[in-house]
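Single-structure report; data block below.
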Amino acid sequence: MKMNQKAEELSELKNILIVGSGGRENSIAWALSKNQSIEKIYVCPGNGGTSNFKKCICLKPKSEDEKTIINECQRLQINLVIIGPEVPLAKGLASKMREAGLTVFGPGKDGAQLEASKDWSKALMIENNIPTAKYWSAGSEDEALEILRRFNQPLVIKADGLAAGKGVTVCETIQQSMEAIKGVFSGKFGSAGNKVILEEKIEGPEVSIFALCDGEKLIVLPPAQDHKRLLEGDKGPNTGGMGAYAPAPLINDKDLQDLTELVLIPTLKGLKKKKIKYIGVIYAGLMLTSSGPKVIEFNCRFGDPECQALMPLMGEEFASVLFACARGELENAPKLSFNSQCSACVVAASKGYPESPQKADKINMNIESNPLLQIFHAGTTIDEFGNIITNGGRVLSVVAQGESFDKAFNLAYSNLNKISFDGMHFRKDIGYQVRDI
Ligand code: AMP
Ligand code: GLY
């Protein structure tokens, strides 16, 4: 009787608010909008593509405007808040919302340290026997240089805190490691550079795995592969991600089960031991080395653009599952089903991305609707004449599904060719690992 009542309460999910403005949040809004019983999805602040989806509406306040967002949630009778990006999570937005009585999917300030402090997350891995590269941490340049001298090998250098994907330098020489250490302590990362992590360099293909957690239990999503470098052949500077695909065939169902036991469950248990009720996504970036899988990083939210590739694979139960996680009662959620197709995502970026993205270019798009195709907006807005214009570095994600990755990528790329804006660029080799190119 009690279980039925709880399950029924999950169907009372009517109004959702998503915090964020990127492609990730646009794709989450789209996935949730497919659920018949949901009435309104507010995206705060959203982007130029938010209102393309039924029931989806932009709300003005930005994530820094915590008080206003909380008031808006109360006024709009929001049943579920989903926080997309890491910065508001690390600043404690989820914690403050919970204190105000809201139901939130996203870890509090304590749990967000999984991503917001590499030193903290490395220590958690070691404490819980989660395989990861050997590391040292240092609070000053001299201390870090001394560790490097003692080790006498090039080490990977990481700023401890959030650095928008720019805080990691994979070094080929000791000289590069020295320069990277000096870079971290130069102040360019602000307080994210108060500490440095020096890490053993490991090698192998990379894959990302994701768990939806309710504080106690978790559900694992299909694995995904990201493409972090700007240019084809994995060259050029690191970006937020230029494309992704899922499910990554690099790991099969059995591997995923093993990785769940090796990495995801011990991470959630380790958090619990620290009295942290972790509600949200645990994203583990892994490297499959010759001596087994190792965690390179944890994120405390969905990856962008991995999320855009994953959302079309989620069954209709997705909304109820997130709501159940946020309520700490995953056991009452319906079983999450996954579409078995291959999903491909290619990002179209603006001129100058990632260093100095150009904005305010008119976007021309002439795309026929197709149930196997989604155009997710990220850095876009609507100008005073109603034109969609660019408003940031990663402008759009073109996502397609098919029974093979070749078909999915062909559909994505043929539609990318129907989009144009000044300086638009994208990688033509996204998914090279799984395509015939
Ligand atoms: P992160 O910002 O932590 O995702 O790191 C960016 C990229 O740096 C990763 O995707 C890896 O390709 C690379 N990387 C990070 N740590 C290591 C490591 N210990 N050894 C080799 N490559 C690494
Ligand atoms: N795509 C990598 C990230 O979201 O951090």
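Here, A, B, ... name the chains of the structure tokens in the order displayed, residue numbers run from 1 inside each chain, and ligands are numbered from 1 in the same displayed order.
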Q.
DSSP on the backbone: which residues in region 201-390 of chain A end up as strand (DSSP E)? Give the answer as a ChimeraX atom specification.
A. /A:206-214,218-220,225-226,229-231,235-238,243-246,279-289,292-299,342-349,364-365,373-377,380-382,388-390
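All residues of protein, DNA or RNA that reach within 8 Å of Ile282 (chain A), judged by only C-alpha atoms and not counting those fewer than 5 positions away in the chain, are A:Phe210, A:Ala211, A:Leu212, A:Cys213, A:Leu264, A:Phe298, A:Asn299, A:Cys300, A:Arg301, A:Phe302.
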Protein and nucleic acid residues within 10 Å of ligand 1 (only C-alpha atoms and all ligand atoms) as a PDB file with C-alpha atoms, in the first residue's frame:
```pdb
ATOM      1  CA  GLU A 115      34.282  17.750  -9.382  1.00  0.00           C
ATOM      2  CA  LYS A 118      40.532  17.283  -7.697  1.00  0.00           C
ATOM      3  CA  THR A 132      43.116   6.028 -10.503  1.00  0.00           C
ATOM      4  CA  ALA A 133      46.501   7.399 -11.593  1.00  0.00           C
ATOM      5  CA  LYS A 134      49.072   7.984  -8.816  1.00  0.00           C
ATOM      6  CA  TYR A 135      49.142  11.584  -7.680  1.00  0.00           C
ATOM      7  CA  LEU A 155      53.752  14.611 -14.961  1.00  0.00           C
ATOM      8  CA  VAL A 156      50.192  15.661 -15.813  1.00  0.00           C
ATOM      9  CA  ILE A 157      49.508  18.981 -14.077  1.00  0.00           C
ATOM     10  CA  LYS A 158      46.007  19.888 -12.888  1.00  0.00           C
ATOM     11  CA  ALA A 159      44.616  22.945 -11.156  1.00  0.00           C
ATOM     12  CA  LEU A 162      36.988  24.321 -11.526  1.00  0.00           C
ATOM     13  CA  ALA A 163      38.755  25.818 -14.532  1.00  0.00           C
ATOM     14  CA  ALA A 164      36.208  25.420 -17.351  1.00  0.00           C
ATOM     15  CA  GLY A 165      38.111  22.493 -18.866  1.00  0.00           C
ATOM     16  CA  LYS A 166      41.369  24.483 -19.101  1.00  0.00           C
ATOM     17  CA  GLY A 167      43.022  23.385 -15.879  1.00  0.00           C
ATOM     18  CA  VAL A 168      44.695  20.164 -17.122  1.00  0.00           C
ATOM     19  CA  THR A 169      48.019  20.009 -18.994  1.00  0.00           C
ATOM     20  CA  VAL A 170      49.186  16.635 -20.271  1.00  0.00           C
ATOM     21  CA  CYS A 171      52.953  17.191 -20.521  1.00  0.00           C
ATOM     22  CA  ILE A 197      47.693  18.039  -8.544  1.00  0.00           C
ATOM     23  CA  LEU A 198      50.662  16.285 -10.160  1.00  0.00           C
ATOM     24  CA  GLU A 199      49.617  13.040 -11.711  1.00  0.00           C
ATOM     25  CA  GLU A 200      51.274  10.041 -13.302  1.00  0.00           C
ATOM     26  CA  LYS A 201      50.579  10.012 -17.039  1.00  0.00           C
ATOM     27  CA  ILE A 202      48.472   7.044 -18.069  1.00  0.00           C
ATOM     28  CA  GLU A 203      47.475   5.844 -21.533  1.00  0.00           C
ATOM     29  CA  GLY A 204      44.538   4.193 -23.203  1.00  0.00           C
ATOM     30  CA  PRO A 205      41.184   4.899 -24.821  1.00  0.00           C
ATOM     31  CA  GLU A 206      38.772   7.084 -22.853  1.00  0.00           C
ATOM     32  CA  VAL A 207      35.118   6.457 -22.089  1.00  0.00           C
ATOM     33  CA  SER A 208      32.609   8.074 -19.746  1.00  0.00           C
ATOM     34  CA  ASP A 226      33.372  12.629 -25.930  1.00  0.00           C
ATOM     35  CA  HIS A 227      35.782  14.466 -28.295  1.00  0.00           C
ATOM     36  CA  LYS A 228      37.482  17.173 -26.252  1.00  0.00           C
ATOM     37  CA  ARG A 229      39.950  18.568 -28.797  1.00  0.00           C
ATOM     38  CA  ASP A 234      42.212  14.949 -31.773  1.00  0.00           C
ATOM     39  CA  ASN A 238      40.879  21.315 -25.398  1.00  0.00           C
ATOM     40  CA  THR A 239      37.263  22.477 -25.598  1.00  0.00           C
ATOM     41  CA  GLY A 240      34.130  21.707 -23.616  1.00  0.00           C
ATOM     42  CA  GLY A 241      33.531  18.920 -26.161  1.00  0.00           C
ATOM     43  CA  ALA A 284      33.300   9.074 -14.211  1.00  0.00           C
ATOM     44  CA  GLY A 285      35.777   9.792 -17.008  1.00  0.00           C
ATOM     45  CA  LEU A 286      37.812   6.611 -17.419  1.00  0.00           C
ATOM     46  CA  MET A 287      40.941   5.593 -19.218  1.00  0.00           C
ATOM     47  CA  THR A 289      44.867   1.268 -19.529  1.00  0.00           C
ATOM     48  CA  LYS A 294      41.382   4.026 -14.130  1.00  0.00           C
ATOM     49  CA  VAL A 295      39.341   7.095 -13.231  1.00  0.00           C
ATOM     50  CA  ILE A 296      40.768  10.314 -14.704  1.00  0.00           C
ATOM     51  CA  GLU A 297      38.115  12.612 -13.345  1.00  0.00           C
ATOM     52  CA  PHE A 298      34.712  12.811 -11.741  1.00  0.00           C
ATOM     53  CA  ASN A 299      32.067  15.313 -12.720  1.00  0.00           C
TER      54      ASN A 299
END
```
Q: List every residue of region 116-338 of chain A that DSSP, applied to the backbone of this structure, assigns to alpha helix (DSSP H), and report them as a ChimeraX atom specification.
A: /A:116,118-127,141-151,174-184,253-259,265-273,306-310,318-326
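For Gly236 (chain A), the non-local neighbours within 12 Å, defined as residues at least 4 positions apart in the same chain or in other chains and counting only C-alpha atoms, are His227, Lys228, Arg229, Leu230, Leu231, Glu232, Met242, Tyr353, Pro354, Glu355 and Arg427 of chain A.
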For the selection you just gave me, I'd like the residues written to a file as a PDB file, in the first residue's frame, keeping N, CA, C and O atoms.
```
ATOM      1  N   HIS A 227      34.625  14.056 -27.483  1.00  0.00           N
ATOM      2  CA  HIS A 227      35.782  14.466 -28.295  1.00  0.00           C
ATOM      3  C   HIS A 227      36.179  15.847 -27.815  1.00  0.00           C
ATOM      4  O   HIS A 227      35.568  16.845 -28.203  1.00  0.00           O
ATOM      5  N   LYS A 228      37.196  15.906 -26.944  1.00  0.00           N
ATOM      6  CA  LYS A 228      37.482  17.173 -26.252  1.00  0.00           C
ATOM      7  C   LYS A 228      38.263  18.164 -27.101  1.00  0.00           C
ATOM      8  O   LYS A 228      38.140  19.367 -26.930  1.00  0.00           O
ATOM      9  N   ARG A 229      39.081  17.646 -28.056  1.00  0.00           N
ATOM     10  CA  ARG A 229      39.950  18.568 -28.797  1.00  0.00           C
ATOM     11  C   ARG A 229      39.179  19.274 -29.904  1.00  0.00           C
ATOM     12  O   ARG A 229      38.242  18.727 -30.473  1.00  0.00           O
ATOM     13  N   LEU A 230      39.654  20.485 -30.221  1.00  0.00           N
ATOM     14  CA  LEU A 230      38.967  21.337 -31.194  1.00  0.00           C
ATOM     15  C   LEU A 230      39.028  20.782 -32.619  1.00  0.00           C
ATOM     16  O   LEU A 230      38.066  20.894 -33.388  1.00  0.00           O
ATOM     17  N   LEU A 231      40.167  20.160 -32.971  1.00  0.00           N
ATOM     18  CA  LEU A 231      40.411  19.849 -34.385  1.00  0.00           C
ATOM     19  C   LEU A 231      40.391  18.359 -34.676  1.00  0.00           C
ATOM     20  O   LEU A 231      40.577  17.529 -33.776  1.00  0.00           O
ATOM     21  N   GLU A 232      40.191  18.065 -35.968  1.00  0.00           N
ATOM     22  CA  GLU A 232      40.173  16.667 -36.399  1.00  0.00           C
ATOM     23  C   GLU A 232      41.486  15.972 -36.034  1.00  0.00           C
ATOM     24  O   GLU A 232      42.523  16.612 -35.929  1.00  0.00           O
ATOM     25  N   MET A 242      33.462  18.667 -28.577  1.00  0.00           N
ATOM     26  CA  MET A 242      33.038  18.993 -29.950  1.00  0.00           C
ATOM     27  C   MET A 242      32.104  17.940 -30.537  1.00  0.00           C
ATOM     28  O   MET A 242      31.675  18.058 -31.690  1.00  0.00           O
ATOM     29  N   TYR A 353      36.089  30.093 -31.228  1.00  0.00           N
ATOM     30  CA  TYR A 353      35.959  29.178 -30.095  1.00  0.00           C
ATOM     31  C   TYR A 353      37.182  28.273 -30.047  1.00  0.00           C
ATOM     32  O   TYR A 353      37.620  27.829 -31.089  1.00  0.00           O
ATOM     33  N   PRO A 354      37.809  27.941 -28.927  1.00  0.00           N
ATOM     34  CA  PRO A 354      37.385  28.266 -27.563  1.00  0.00           C
ATOM     35  C   PRO A 354      37.968  29.568 -26.995  1.00  0.00           C
ATOM     36  O   PRO A 354      37.523  29.989 -25.930  1.00  0.00           O
ATOM     37  N   GLU A 355      38.959  30.181 -27.684  1.00  0.00           N
ATOM     38  CA  GLU A 355      39.647  31.319 -27.068  1.00  0.00           C
ATOM     39  C   GLU A 355      38.761  32.554 -26.951  1.00  0.00           C
ATOM     40  O   GLU A 355      38.578  33.097 -25.868  1.00  0.00           O
ATOM     41  N   ARG A 427      33.931  19.556 -36.271  1.00  0.00           N
ATOM     42  CA  ARG A 427      34.826  18.453 -36.631  1.00  0.00           C
ATOM     43  C   ARG A 427      34.091  17.477 -37.538  1.00  0.00           C
ATOM     44  O   ARG A 427      32.950  17.103 -37.237  1.00  0.00           O
TER      45      ARG A 427
END
```
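Comparing the minimum interatomic distances between Ser140 (chain A) and each of A:Arg75, A:Lys91, A:Lys195, A:Lys351, counting only C-alpha atoms, we find that A:Lys195 sits nearest.
With CA of Glu143 (chain A) on one side and CA of Gly111 (chain A) on the other, the separation reads 28.1 Å.
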With a cut-off of 9 Å, could you pull out the residues of region 384-416 of chain A touching region 308-332 of chain A and give me the nearest pair of atoms for each, distance in Å to one decimal, using only C-alpha atoms, ordered by chain and ascending number, as JSON lines?
```
{"residue": "A:Ser397", "atom": "CA", "partner": "A:Gln308", "partner_atom": "CA", "distance": 7.3}
{"residue": "A:Val398", "atom": "CA", "partner": "A:Gln308", "partner_atom": "CA", "distance": 8.7}
{"residue": "A:Val399", "atom": "CA", "partner": "A:Ala309", "partner_atom": "CA", "distance": 6.3}
{"residue": "A:Ala400", "atom": "CA", "partner": "A:Ala309", "partner_atom": "CA", "distance": 8.0}
{"residue": "A:Gln401", "atom": "CA", "partner": "A:Pro312", "partner_atom": "CA", "distance": 7.9}
```
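Separating CA of Ala31 (chain A) from CA of Leu80 (chain A) is a distance of 14.7 Å.
For the set A:Ser95, A:Asn79, A:Asn129, A:Asn415, the residue with the smallest atom-to-atom gap to Glu66 (chain A) is A:Ser95, counting only C-alpha atoms.
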